[in-house]
Amino acid sequence: MKVPHNALVLVADGRKMLLLRNEGDADRLSLQVEQKQIHESPKDRDQKSDAAGRASSTQSGPGSSTVAQAGSMQAQGQGAQFAPSRGSMEETDYHQLEEDRFAAEVGKILQVKALNHDFDTLIIAAPSRTLGELRKHYHNQVESRLVSEITKDLTNHPLPQIEEILLAE
């Protein structure tokens, strides 16, 4: 891939962000760190205080019925009724919520930079989950400058390796 001079390259995942500027030319990249942010997110288990909740779908009042009433209503041809059930509610993944919030913050940073005309060309490299969350927060000025999205996690790669990967795309 050709990365133009002065292009902005975002390398991010759910907790790290690197904003890199190409100070070289399209064929000989020279990425320089413009901004770095690490969002410390405690482990999910450290953010929870309780076990998963439980839900019951039993109903009472007009229009509802117990299992026995449901059986007799079906026999009378009045339609099927759902039997009461119990199940556990899905646990909230606080760690994932924090990663999604961080992606929203990164989207806001890109928006501010785009509105300030800090870049003309944007390339984003992020894992698919982070990329999907970032897309929800693209401002139209960010989208108009976005030339490529790379679905790779490059946050733990050194700059020379990121440059090689970008050139190979």
# chains A, B, ... in the order shown; residues from 1 in each chain; ligands from 1
call {"tool": "residues_around", "arguments": {"residues": "range 8-17 of chain A", "least_positions_apart": "4", "cutoff": "7 Å", "atoms": "only C-alpha atoms", "output": "list in words"}}
result
Arg21, Asn22, Lys36, Gln37, Ile38, His39, Glu40, Glu99, Asp100, Phe102, Ala103, Phe119, Thr121, Leu122, Ile123, Ile124, Ala125, Ala126, Pro127, Thr130, Asp153, Leu154 and Thr155 of chain A
call {"tool": "residues_around", "arguments": {"residues": "Val142 in chain A", "least_positions_apart": "2", "cutoff": "7 Å", "atoms": "only C-alpha atoms", "output": "PDB file with C-alpha atoms, in the first residue's frame"}}
result
ATOM      1  CA  LEU A 110     -10.146  11.317  15.079  1.00  0.00           C
ATOM      2  CA  GLN A 111     -13.173  13.578  14.714  1.00  0.00           C
ATOM      3  CA  ALA A 114     -10.395  15.817  11.081  1.00  0.00           C
ATOM      4  CA  TYR A 138     -16.698   7.759  12.490  1.00  0.00           C
ATOM      5  CA  HIS A 139     -17.624  11.348  11.793  1.00  0.00           C
ATOM      6  CA  ASN A 140     -18.307  12.079   8.111  1.00  0.00           C
ATOM      7  CA  SER A 144     -14.016  11.192   3.825  1.00  0.00           C
ATOM      8  CA  ARG A 145     -10.292  11.012   4.662  1.00  0.00           C
ATOM      9  CA  LEU A 146     -10.169   7.270   5.377  1.00  0.00           C
TER      10      LEU A 146
END
call {"tool": "select_by_dssp", "arguments": {"residues": "range 87-151 of chain A", "states": "alpha helix (DSSP H)", "output": "PyMOL selection string"}}
result
chain A and resi 94-115+128-135+140-145
call {"tool": "closest_residue", "arguments": {"among": "A:Leu134, A:Lys152, A:Val147, A:Tyr94", "to": "Lys108 in chain A", "atoms": "only C-alpha atoms"}}
result
A:Leu134
call {"tool": "residues_around", "arguments": {"residues": "Leu166 in chain A", "least_positions_apart": "3", "cutoff": "9 Å", "atoms": "only C-alpha atoms", "output": "PDB file with C-alpha atoms, in the first residue's frame"}}
result
ATOM      1  CA  MET A   1       0.000   0.000   0.000  1.00  0.00           C
ATOM      2  CA  LYS A   2       1.152   3.497  -0.713  1.00  0.00           C
ATOM      3  CA  VAL A   3       1.109   5.641   2.414  1.00  0.00           C
ATOM      4  CA  LEU A  29       7.847   5.195   5.232  1.00  0.00           C
ATOM      5  CA  ILE A 150      -6.513  -3.087   7.903  1.00  0.00           C
ATOM      6  CA  GLN A 161       7.548  -3.854  11.422  1.00  0.00           C
ATOM      7  CA  ILE A 162       4.375  -1.729  11.152  1.00  0.00           C
ATOM      8  CA  GLU A 163       5.979   0.092   8.215  1.00  0.00           C
ATOM      9  CA  GLU A 169      -0.783  -4.462   2.149  1.00  0.00           C
TER      10      GLU A 169
END
call {"tool": "atom_distance", "arguments": {"atom1": "CA of Arg129 in chain A", "atom2": "CA of Thr151 in chain A"}}
result
9.1 Å
call {"tool": "atom_distance", "arguments": {"atom1": "CA of Ile165 in chain A", "atom2": "CA of Ala26 in chain A"}}
result
13.5 Å
call {"tool": "residues_around", "arguments": {"residues": "Glu23 in chain A", "least_positions_apart": "4", "cutoff": "9 Å", "atoms": "only C-alpha atoms", "output": "ChimeraX atom specification"}}
result
/A:4-7,29-32
call {"tool": "write_last_selection", "arguments": {"atoms": "N, CA and C atoms", "output": "short mmCIF file (atom, residue, chain, number, x, y, z; two decimals), in the first residue's frame"}}
result
data_model
loop_
_atom_site.label_atom_id
_atom_site.label_comp_id
_atom_site.auth_asym_id
_atom_site.auth_seq_id
_atom_site.Cartn_x
_atom_site.Cartn_y
_atom_site.Cartn_z
N PRO A 4 0.85 7.97 1.74
CA PRO A 4 1.36 9.28 1.35
C PRO A 4 2.09 10.01 2.48
N HIS A 5 2.96 10.93 2.08
CA HIS A 5 3.64 11.79 3.06
C HIS A 5 2.59 12.51 3.89
N ASN A 6 2.80 12.60 5.18
CA ASN A 6 1.94 13.29 6.14
C ASN A 6 0.63 12.55 6.43
N ALA A 7 0.49 11.33 5.94
CA ALA A 7 -0.72 10.56 6.25
C ALA A 7 -0.73 10.20 7.73
N LEU A 29 8.58 4.69 4.07
CA LEU A 29 7.85 5.20 5.23
C LEU A 29 8.80 5.58 6.35
N SER A 30 8.40 6.58 7.08
CA SER A 30 9.10 6.97 8.30
C SER A 30 8.01 7.38 9.30
N LEU A 31 7.45 6.38 9.95
CA LEU A 31 6.36 6.63 10.88
C LEU A 31 6.89 7.19 12.19
N GLN A 32 6.29 8.27 12.62
CA GLN A 32 6.67 8.91 13.88
C GLN A 32 5.44 8.94 14.79
#
